[in-house]
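K.L.:
Before I ask anything, here is the structure I am working with.
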Amino acid sequence: MFNLPYYLKKRIIDYVIHFIMLIILAFTLFPIGWMVFTSLKENTDILVGKIPFSHAHNNVVDLKSEGNTLWVLTSDGGINKVNRKTLKEESYVNAQTSGTHFLINKKYVWVSSSNRGLLRYDKTNLKSKKEYNLNLPKFDRSQVVGTTIIEANNKIYFAMQYKGFEKIFEFDIKAEKISRAIDIENKLSPSQVRSLLVSGNTLFAGLDNGLLKINLSSGKIENAYDITTSLPLGVAYMEAINGNLVIAGNTGAYIFNPLSGSIVQKITSSAVGGLAISNSRIYMGFNRGFYEYNTKTNKLKAAEMLFRPVDRTGTVLNKSGFAPGEVINFSISGNSVYIGSTYGRVSAYNLASGKVVNTTSARQGAIVISWVNYIDMWKNVDFGLYLKNSFLICGAATLFAMIFATMAAYALARFDFPGAKVLSLAILATQMVPGIMFLIPIYSNFVKFSEITGVAIKGTYWGLIFVYAVFFIPFSIWILRGFFAAIPMELEEAARIDGCSPFQVFWYVVLPLAVPGIIATGIYVFLTAWDELILAWVLTSGDTMTIPVGIRNFVGNYQNRFDLIMAAAVVATAPVMTLFFLLQKYIVKGLTAGAVKG
Amino acid sequence: MLGFFRDINHRFKKYRFAYIFILPTVIGMLLLHLTPIVQGTYMSFLELNQFTLDRYLGAPFVWFKNYYDVLINSRSPIRIGLFDAARNTVIYTIVVTLGTTFLGMLVALMVNRNFRGKGFIRTLFLFPWVVPTYVTGLLWGFMWQQGAGIINVLLVDILHLLPTKPFWLIGPNTIWAIIVPTIWRYWPFSMLLLLAGMQSIPEELYEAADIDGASPWRKFWMITWPLLKPVWSILILFGLIFNVYSFNIVIMMFGFGAGFPGEWGDLLMTNIFRNSFMQWNFGVGAAASVLLMLTMIVIVNIWFYFYKQVEEESR
């Protein structure tokens with residue numbers, strides 16, 4: 001072997017050690033990072049074990065072919081500008097919205113969303129966007145299912161699918177603001193708008209339980225049709241054909257006559273996704289393919305399979321197999337039909353040849369990070385109360401424990417009084433008794449005490465503060481004694497000679513010197529109290545519960561909601577973590593000084 | 001006789017200040033430590049179960065029946081469970097105590113070098129120690145999940161170290177599922193104390209060893225290890241006590257604070273807690289607690305003598 005110079009060898013070893021240290025650090029911090037990360041994810045993703053790879057659903061909610069371009073618009077807010085011939089991506093932008101719906105007019109792509117309101121993107125330059133603050137009334141955004149948006153007469157109409165939000169907003173494109181809000185409370189209420197259609201001066205709104213006919217000039221509801229016998233889950237798609245309406249949803253497709261207000265013809269009763277009309281033919285999507293319905297001959301023709309599995313670049317992975325995909329949207333232009341489905345897949349189909357010409361896949365959605373879990377958890381459990389209780393109880397217990405432990409530790413460190421040895425031994429011995437041994441007698445004594453005197457201890461703040469304070473005193477004494485012993489005796493003797501009383505010596509000379517140690521011990525006691533589960537479990541009730549007890553109850557009720565559980569875990573960890581980070585200098589210095597010397 | 005009282009009076013006057021200062025502590029400990037221990041020991045002789053609970057200390061006195069149930073009675077179901085729990089506790093305590101000390105020593109040696117951001121990295125290493133234990137139990141219980149848990153995803157799906165995903169929370173693997181999180185939670189504390197100990201070792205010793213041409217390995221065993229004896233011996237002492245009474249992590253990992261950890265995951269504390277508070281067998285629970293306490297006193301005394309020797313040596 002060749003001989004390395006000494007300094008080089010040392011350097012290499014140093015690098016290797018550094019590397020190993022960083023690996024250990026990564027492993028150490030990983031669980032904490034994982035906790036925070038999963039608390040921001042969807043529970044379904046967690047349960048199927050694909051958390052690291054979960055992106056927002058990029059279902060194709062809208063398609064539009066225009067000249068040489070095809071717009072592929074996905075539910076995560078993705079706007080893909082694709083070449084029509086090659087189906088290659090030309091430009092892309094992601095609005096990062098939820099409950100997204102799109103509208104394309106001459107100059108702009110409009111995006112309606114539940115989380116960010118209305119957005120406008122320039123068609124020629126997707127980078128330039130405008131976000132409209134609509135000053136909508138406050139509502140719970142996590143409950144919004146989706147949005148709908150259409151354009152008519154230089155106005156944009158959009159609605160949100162949300163219980164108790166029965167309004168359709170009219171947005172003036174020129175003035176760039178909401179010009180009116182149409183109240184759609186009707187005899188079918190409560191209802192949510194799932195689709196919109198404008199025909200002449202009439203606005204049709206497909207609800208989750210019916211159909212609304214609204215006069216646009218007066219803004220009044222002309223009629224509300226209950227069609228739940230045919231479409232019990234509502235009207236998801238709506239198109240106009242020869243003065244009639246085609247309405248479709250999860251339970252079929254029908255032709256509806258708005259004049260008579262009744263369904264005139266049934267097309268199919270299977271689930272329909274996507275609806276398009278061309279040459280008096282109705283195209284309806286279904287799983288893996290689409291139907292073609294001829295309104296003249298009243299014949300239904302099912303087309304062949306459409307989707308081959310593709311990777312995210314659009315390359316076909318498996319030429320023989322077909323992947324399932326719910327068709328959601330169509331765009332028809334001459335003989336070409338573009339069909340969009342779940343997972344961002346788009347197929348180009350030629351009506352003349354009856355073959356799939358090309359397939360592509362929209363860009364994957366952004367990685368989902370959301371605060372929804374925290375909001376959900378906060379709504380389900382009174383975490384604010386638990387946090388308050390924990391801070392109150394742990395804080396007060398730490399304060400009292402520190403006061404009494406400082407006194408006792410000083411006495412033990414400085415005075416060799418009769419009984420000092422016994423007390424020191426007792427302090428050590430208390431650490432050897434299983435906590436459970438105390439639990440039953442303390443619980444029973446508290447109950448008995450209340451029976452006799454009528455003063456409640458169990459389930460009150462003071463009860464638990466008292467128990468915590470007493471339980472943390474022995475350990476605190478044990479650490480603090482080291483600090484006091486390290487303070488030079490000469491200082492106190494000098495003070496005594498100057499005429500100080502023992503208390504003055506303690507108060508003016510010793511205590512200031514011991515403050516760092518007291519703070520360190522106090523923080524340690526606070527952390528330990530924050531961590532305590534059994535005593536709090538048995539001795540608190542209702543509105544005095546501390547965080548560990550609250551979490552235990554909460555977790556018992558939401559066994560498989562790991563997203564919520566992790567959110568709760570983060571909330572329980574964050575305060576002590578912050579405290580530690582801010583005060584870590586004291587802790588490190590104080591604890592090491594006390595423990596190593598003591 | 002009078003002289004004796006005068007003597008006491010005199011002594012009290014001399015140490016009045018100290019007695020006043022320890023008074024609150026003594027009262028508190030009498031109320032919440034001594035009384036419960038005496039009551040608990042007495043309870044271990046009582047037939048205290050769900051039928052006699054409301055009579056509390058007036059329950060029938062049965063002498064050593066509870067101890068017989070815990071130790072000898074082979075037909076008592078508690079004894080079987082308790083034996084499993086005792087075995088697990090021994091393994092758990094030893095592995096966790098040694099594991100935290102070993103890992104703490106290793107990382108303390110690594111951190112105790114000169115590099116940029118030393119303080120910051122040390123703080124990062126301490127983070128697990130601040131995570132509450134009940135959160136640790138929940139978090140690792142989630143990570144150990146068989147199908148969706150990240151540990152199995154890492155081991156099987158990504159690194160392909162194992163052919164199939166093992167069950168971590170059922171069967172003999174359980175003991176590791178509780179040991180690993182405990183070590184993860186507590187080793188930073190060992191590191192902190194060992195690091196402080198290392199920094200108090202005079203630099204000259206190492207310089208002298210360097211001049212003599214000693215290898216790092218030899219320097220560690222001849223200088224660092226013996227000089228750190230007071231630190232690691234007290235870490236092991238407190239680790240032993242602390243880990244025998246470990247409860248939160250295990251109880252939160254299985255069934256979210258209400259389940260049975262299984263015969264390879266049950267510890268003495270969780271076992272006694274279950275017998276006491278879920279099956280209302282307070283007498284048996286108290287008897288087991290007393291036995292555990294006595295065992296601990298013996299073990300701790302042995303280790304304490306060792307520690308005292310260490311202290312005397314180091315003086």
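Letters A, B, ... mark the chains of the structure tokens in the order given; residue numbers begin at 1 per chain; ligand numbers begin at 1, in order shown.
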If you count only C-alpha atoms, which residues fall within 7 Å of stretch 181-192 of chain B, apart from same-chain ones fewer than 4 positions away, as a VMD selection string?

P.N.:
chain B and resid 96 99 to 101 103 to 105 107 to 108 125 to 126 128 to 129 136 140 196 235

K.L.:
Would you pick out the contacts of stretch 238-254 of chain A at 7 Å or less, using only C-alpha atoms, so that residues sharing its chain but fewer than 2 positions from it are not included, and give the list as an MDAnalysis selection string?

P.N.:
chainID A and resid 195 197 231 233:236 256:258 263 265:272

K.L.:
Give me, as a Markdown table, the closest atom pair and its distance (Å, one decimal) for every residue of chain A within a cut-off of 6 Å of chain B, counting only C-alpha atoms, rows sorted by chain and rising number.

P.N.:
```
| residue | atom | partner | partner_atom | distance |
| --- | --- | --- | --- | --- |
| A:Leu47 | CA | B:Ala148 | CA | 5.8 |
| A:Val48 | CA | B:Ala148 | CA | 5.9 |
| A:Gly49 | CA | B:Ala148 | CA | 4.1 |
| A:Met407 | CA | B:Phe21 | CA | 5.1 |
| A:Ala408 | CA | B:Ile22 | CA | 4.5 |
| A:Ala411 | CA | B:Ala18 | CA | 4.8 |
| A:Val433 | CA | B:Met293 | CA | 5.6 |
| A:Phe438 | CA | B:Pro36 | CA | 5.3 |
| A:Pro441 | CA | B:Pro36 | CA | 5.2 |
| A:Val470 | CA | B:Gly28 | CA | 5.7 |
| A:Asp531 | CA | B:Pro132 | CA | 5.1 |
| A:Gly556 | CA | B:Phe256 | CA | 5.8 |
| A:Ala569 | CA | B:Val135 | CA | 5.6 |
| A:Thr573 | CA | B:Val131 | CA | 5.7 |
| A:Thr592 | CA | B:Leu193 | CA | 5.6 |
```

K.L.:
Go ahead and write the selection's residues with N, CA and C atoms as an mmCIF file, in the first residue's frame.

P.N.:
```cif
data_model
loop_
_atom_site.group_PDB
_atom_site.id
_atom_site.type_symbol
_atom_site.label_atom_id
_atom_site.label_comp_id
_atom_site.auth_asym_id
_atom_site.auth_seq_id
_atom_site.Cartn_x
_atom_site.Cartn_y
_atom_site.Cartn_z
ATOM 1 N N LEU A 47 -52.872 6.069 3.556
ATOM 2 C CA LEU A 47 -53.302 4.685 3.798
ATOM 3 C C LEU A 47 -52.866 3.745 2.681
ATOM 4 N N VAL A 48 -52.764 4.232 1.446
ATOM 5 C CA VAL A 48 -52.293 3.346 0.383
ATOM 6 C C VAL A 48 -50.779 3.398 0.247
ATOM 7 N N GLY A 49 -50.132 4.182 1.098
ATOM 8 C CA GLY A 49 -48.679 4.155 1.163
ATOM 9 C C GLY A 49 -47.981 4.824 0.005
ATOM 10 N N MET A 407 -35.200 26.194 47.483
ATOM 11 C CA MET A 407 -35.026 26.344 48.921
ATOM 12 C C MET A 407 -34.425 25.081 49.537
ATOM 13 N N ALA A 408 -35.038 23.958 49.227
ATOM 14 C CA ALA A 408 -34.589 22.714 49.848
ATOM 15 C C ALA A 408 -33.178 22.362 49.404
ATOM 16 N N ALA A 411 -30.713 24.442 51.287
ATOM 17 C CA ALA A 411 -30.577 23.961 52.663
ATOM 18 C C ALA A 411 -29.726 22.694 52.713
ATOM 19 N N VAL A 433 -39.413 4.419 42.892
ATOM 20 C CA VAL A 433 -40.745 3.858 43.077
ATOM 21 C C VAL A 433 -41.509 3.957 41.764
ATOM 22 N N PHE A 438 -47.968 5.174 43.071
ATOM 23 C CA PHE A 438 -48.575 6.372 43.648
ATOM 24 C C PHE A 438 -49.989 6.600 43.144
ATOM 25 N N PRO A 441 -53.349 5.109 45.122
ATOM 26 C CA PRO A 441 -53.616 5.777 46.398
ATOM 27 C C PRO A 441 -53.911 7.267 46.239
ATOM 28 N N VAL A 470 -45.058 18.560 43.407
ATOM 29 C CA VAL A 470 -44.417 17.688 44.395
ATOM 30 C C VAL A 470 -43.610 16.593 43.709
ATOM 31 N N ASP A 531 -44.794 16.177 29.091
ATOM 32 C CA ASP A 531 -44.722 14.819 28.588
ATOM 33 C C ASP A 531 -45.565 13.845 29.414
ATOM 34 N N GLY A 556 -58.125 7.855 19.980
ATOM 35 C CA GLY A 556 -58.997 6.706 20.141
ATOM 36 C C GLY A 556 -60.241 6.796 19.281
ATOM 37 N N ALA A 569 -50.153 15.536 16.609
ATOM 38 C CA ALA A 569 -48.807 15.318 17.145
ATOM 39 C C ALA A 569 -47.938 16.550 16.920
ATOM 40 N N THR A 573 -46.144 18.935 19.705
ATOM 41 C CA THR A 573 -44.691 19.040 19.747
ATOM 42 C C THR A 573 -44.210 20.476 19.563
ATOM 43 N N THR A 592 -25.743 20.344 31.732
ATOM 44 C CA THR A 592 -24.453 19.668 31.723
ATOM 45 C C THR A 592 -23.633 20.074 32.934
#
```

K.L.:
Show which residues sit within 9 Å of A:Gly210, as a list in words. Count only C-alpha atoms, and ignore same-chain residues fewer than 2 positions away.

P.N.:
Leu188, Ser191, Ala205, Gly206, Leu207, Asp208, Leu212, Ala224, Tyr225, Asp226, Ile227, Thr228, Leu231, Pro232, Leu233, Gly234 and Val235 of chain A

K.L.:
Produce a file of the selected residues containing N, CA and C atoms, as a PDB file, in the first residue's frame.

P.N.:
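Saved to selection01.pdb:
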```pdb
ATOM      1  N   LEU A 188     -86.203  23.679  -4.189  1.00  0.00           N
ATOM      2  CA  LEU A 188     -85.422  22.450  -4.023  1.00  0.00           C
ATOM      3  C   LEU A 188     -84.306  22.618  -2.995  1.00  0.00           C
ATOM      4  N   SER A 191     -79.437  23.266  -2.268  1.00  0.00           N
ATOM      5  CA  SER A 191     -78.897  22.631  -3.460  1.00  0.00           C
ATOM      6  C   SER A 191     -77.568  23.270  -3.835  1.00  0.00           C
ATOM      7  N   ALA A 205     -79.205  26.219 -14.671  1.00  0.00           N
ATOM      8  CA  ALA A 205     -78.249  25.772 -13.658  1.00  0.00           C
ATOM      9  C   ALA A 205     -78.590  24.336 -13.285  1.00  0.00           C
ATOM     10  N   GLY A 206     -77.656  23.427 -13.548  1.00  0.00           N
ATOM     11  CA  GLY A 206     -77.846  22.037 -13.147  1.00  0.00           C
ATOM     12  C   GLY A 206     -77.447  21.879 -11.691  1.00  0.00           C
ATOM     13  N   LEU A 207     -78.402  21.463 -10.895  1.00  0.00           N
ATOM     14  CA  LEU A 207     -78.141  21.337  -9.459  1.00  0.00           C
ATOM     15  C   LEU A 207     -77.838  19.896  -9.105  1.00  0.00           C
ATOM     16  N   ASP A 208     -77.476  19.678  -7.867  1.00  0.00           N
ATOM     17  CA  ASP A 208     -77.277  18.298  -7.426  1.00  0.00           C
ATOM     18  C   ASP A 208     -78.613  17.609  -7.175  1.00  0.00           C
ATOM     19  N   LEU A 212     -82.498  24.420 -12.677  1.00  0.00           N
ATOM     20  CA  LEU A 212     -83.060  25.744 -12.477  1.00  0.00           C
ATOM     21  C   LEU A 212     -83.113  26.488 -13.793  1.00  0.00           C
ATOM     22  N   ALA A 224     -88.072  25.829 -11.200  1.00  0.00           N
ATOM     23  CA  ALA A 224     -87.135  24.841 -10.669  1.00  0.00           C
ATOM     24  C   ALA A 224     -87.733  23.470 -10.911  1.00  0.00           C
ATOM     25  N   TYR A 225     -86.984  22.614 -11.616  1.00  0.00           N
ATOM     26  CA  TYR A 225     -87.526  21.303 -11.968  1.00  0.00           C
ATOM     27  C   TYR A 225     -86.892  20.226 -11.105  1.00  0.00           C
ATOM     28  N   ASP A 226     -87.719  19.434 -10.527  1.00  0.00           N
ATOM     29  CA  ASP A 226     -87.210  18.313  -9.736  1.00  0.00           C
ATOM     30  C   ASP A 226     -87.052  17.114 -10.658  1.00  0.00           C
ATOM     31  N   ILE A 227     -85.819  16.720 -10.936  1.00  0.00           N
ATOM     32  CA  ILE A 227     -85.614  15.568 -11.837  1.00  0.00           C
ATOM     33  C   ILE A 227     -84.864  14.452 -11.118  1.00  0.00           C
ATOM     34  N   THR A 228     -85.004  14.393  -9.807  1.00  0.00           N
ATOM     35  CA  THR A 228     -84.252  13.395  -9.040  1.00  0.00           C
ATOM     36  C   THR A 228     -84.693  11.970  -9.332  1.00  0.00           C
ATOM     37  N   LEU A 231     -82.259  11.603 -12.478  1.00  0.00           N
ATOM     38  CA  LEU A 231     -80.866  11.904 -12.143  1.00  0.00           C
ATOM     39  C   LEU A 231     -80.766  12.224 -10.644  1.00  0.00           C
ATOM     40  N   PRO A 232     -80.780  11.196  -9.801  1.00  0.00           N
ATOM     41  CA  PRO A 232     -80.797  11.453  -8.358  1.00  0.00           C
ATOM     42  C   PRO A 232     -79.521  12.127  -7.862  1.00  0.00           C
ATOM     43  N   LEU A 233     -78.417  11.992  -8.588  1.00  0.00           N
ATOM     44  CA  LEU A 233     -77.173  12.595  -8.117  1.00  0.00           C
ATOM     45  C   LEU A 233     -76.889  13.943  -8.769  1.00  0.00           C
ATOM     46  N   GLY A 234     -77.843  14.417  -9.567  1.00  0.00           N
ATOM     47  CA  GLY A 234     -77.679  15.759 -10.096  1.00  0.00           C
ATOM     48  C   GLY A 234     -77.200  15.813 -11.533  1.00  0.00           C
ATOM     49  N   VAL A 235     -77.183  17.028 -12.046  1.00  0.00           N
ATOM     50  CA  VAL A 235     -76.810  17.278 -13.434  1.00  0.00           C
ATOM     51  C   VAL A 235     -75.367  17.741 -13.468  1.00  0.00           C
TER      52      VAL A 235
END
```

K.L.:
So the first atom is atom CA of A:Ile149 and the second is atom CA of A:Ser199; what is the distance between them in Å, to one decimal place?

P.N.:
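Separation of atom CA of A:Ile149 and atom CA of A:Ser199: 14.7 Å.
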
K.L.:
From a backbone DSSP assignment, name each residue in stretch 172-381 of chain A labelled helix (DSSP H, G or I), as a PyMOL selection string.

P.N.:
chain A and resi 342-344+372-380

K.L.:
What's around B:Trp63 at 10 Å? Count only C-alpha atoms, leave out sequence neighbours fewer than 4 positions away in its own chain, and write the answer as a ChimeraX atom specification.

P.N.:
/B:42,44-47,67-68

K.L.:
From the DSSP assignment of the backbone, select every residue of stretch 294-448 of chain A that is strand (DSSP E), and format the answer as a tab-separated table (two decimals) with N, CA and C atoms, in the first residue's frame.

P.N.:
```tsv
chain	number	residue	atom	x	y	z
A	294	ASN	N	-76.93	9.02	-32.00
A	294	ASN	CA	-77.44	9.75	-33.15
A	294	ASN	C	-78.86	10.20	-32.85
A	299	LYS	N	-80.02	6.03	-32.19
A	299	LYS	CA	-79.24	4.82	-31.96
A	299	LYS	C	-78.00	5.12	-31.13
A	300	LEU	N	-77.68	4.21	-30.25
A	300	LEU	CA	-76.53	4.38	-29.37
A	300	LEU	C	-75.43	3.43	-29.83
A	301	LYS	N	-74.25	3.98	-30.04
A	301	LYS	CA	-73.13	3.15	-30.50
A	301	LYS	C	-71.97	3.33	-29.54
A	302	ALA	N	-71.48	2.24	-29.00
A	302	ALA	CA	-70.34	2.31	-28.09
A	302	ALA	C	-69.06	2.21	-28.88
A	327	VAL	N	-63.78	8.97	-18.62
A	327	VAL	CA	-63.75	10.11	-19.53
A	327	VAL	C	-64.46	11.27	-18.84
A	328	ILE	N	-63.84	12.41	-18.86
A	328	ILE	CA	-64.44	13.56	-18.20
A	328	ILE	C	-64.81	14.63	-19.20
A	329	ASN	N	-64.03	14.75	-20.27
A	329	ASN	CA	-64.33	15.85	-21.17
A	329	ASN	C	-63.99	15.56	-22.62
A	330	PHE	N	-64.69	16.28	-23.52
A	330	PHE	CA	-64.51	16.12	-24.96
A	330	PHE	C	-64.20	17.45	-25.59
A	331	SER	N	-63.55	17.36	-26.72
A	331	SER	CA	-63.52	18.52	-27.60
A	331	SER	C	-63.58	17.97	-29.02
A	332	ILE	N	-64.53	18.45	-29.80
A	332	ILE	CA	-64.70	17.94	-31.15
A	332	ILE	C	-64.40	19.04	-32.14
A	333	SER	N	-63.61	18.69	-33.13
A	333	SER	CA	-63.28	19.67	-34.16
A	333	SER	C	-63.19	18.90	-35.46
A	336	SER	N	-61.86	15.14	-35.76
A	336	SER	CA	-61.04	14.76	-34.61
A	336	SER	C	-61.82	14.98	-33.32
A	337	VAL	N	-61.76	13.98	-32.49
A	337	VAL	CA	-62.34	14.10	-31.15
A	337	VAL	C	-61.19	13.98	-30.17
A	338	TYR	N	-61.11	14.93	-29.25
A	338	TYR	CA	-60.12	14.81	-28.18
A	338	TYR	C	-60.85	14.45	-26.91
A	339	ILE	N	-60.33	13.43	-26.26
A	339	ILE	CA	-61.03	12.91	-25.10
A	339	ILE	C	-60.10	12.99	-23.90
A	340	GLY	N	-60.56	13.69	-22.86
A	340	GLY	CA	-59.75	13.81	-21.65
A	340	GLY	C	-60.31	12.93	-20.56
A	341	SER	N	-59.42	12.38	-19.75
A	341	SER	CA	-59.90	11.46	-18.71
A	341	SER	C	-59.17	11.76	-17.40
A	345	ARG	N	-54.93	12.02	-18.82
A	345	ARG	CA	-54.69	11.40	-20.12
A	345	ARG	C	-55.60	11.99	-21.19
A	346	VAL	N	-55.06	12.17	-22.36
A	346	VAL	CA	-55.81	12.72	-23.48
A	346	VAL	C	-55.61	11.81	-24.69
A	347	SER	N	-56.70	11.46	-25.36
A	347	SER	CA	-56.61	10.67	-26.59
A	347	SER	C	-57.19	11.47	-27.74
A	348	ALA	N	-56.54	11.35	-28.87
A	348	ALA	CA	-57.10	11.95	-30.08
A	348	ALA	C	-57.70	10.80	-30.90
A	349	TYR	N	-58.96	10.95	-31.28
A	349	TYR	CA	-59.69	9.88	-31.93
A	349	TYR	C	-60.18	10.40	-33.27
A	350	ASN	N	-60.04	9.61	-34.29
A	350	ASN	CA	-60.54	10.04	-35.59
A	350	ASN	C	-61.89	9.40	-35.86
A	355	LYS	N	-60.40	5.26	-35.12
A	355	LYS	CA	-59.19	4.77	-34.46
A	355	LYS	C	-58.59	5.85	-33.57
A	356	VAL	N	-57.91	5.41	-32.56
A	356	VAL	CA	-57.16	6.35	-31.72
A	356	VAL	C	-55.91	6.74	-32.49
A	357	VAL	N	-55.76	8.04	-32.72
A	357	VAL	CA	-54.63	8.50	-33.51
A	357	VAL	C	-53.41	8.73	-32.63
A	358	ASN	N	-53.66	9.30	-31.49
A	358	ASN	CA	-52.53	9.71	-30.66
A	358	ASN	C	-52.99	9.79	-29.20
A	359	THR	N	-52.06	9.63	-28.31
A	359	THR	CA	-52.38	9.83	-26.90
A	359	THR	C	-51.30	10.69	-26.26
A	360	THR	N	-51.70	11.34	-25.19
A	360	THR	CA	-50.71	12.11	-24.44
A	360	THR	C	-51.15	12.19	-22.99
A	361	SER	N	-50.32	12.77	-22.18
A	361	SER	CA	-50.62	12.87	-20.77
A	361	SER	C	-50.26	14.26	-20.29
```

K.L.:
Quick one: pull the distance between atom CA of A:Gly78 and atom CA of A:Asp376, Å, one decimal.

P.N.:
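Between atom CA of A:Gly78 and atom CA of A:Asp376 the gap works out to 26.6 Å.
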
K.L.:
To one decimal place, how far is atom CA of A:Ser230 from atom CA of A:Glu326 in Å?

P.N.:
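These atoms are spaced 21.3 Å apart.
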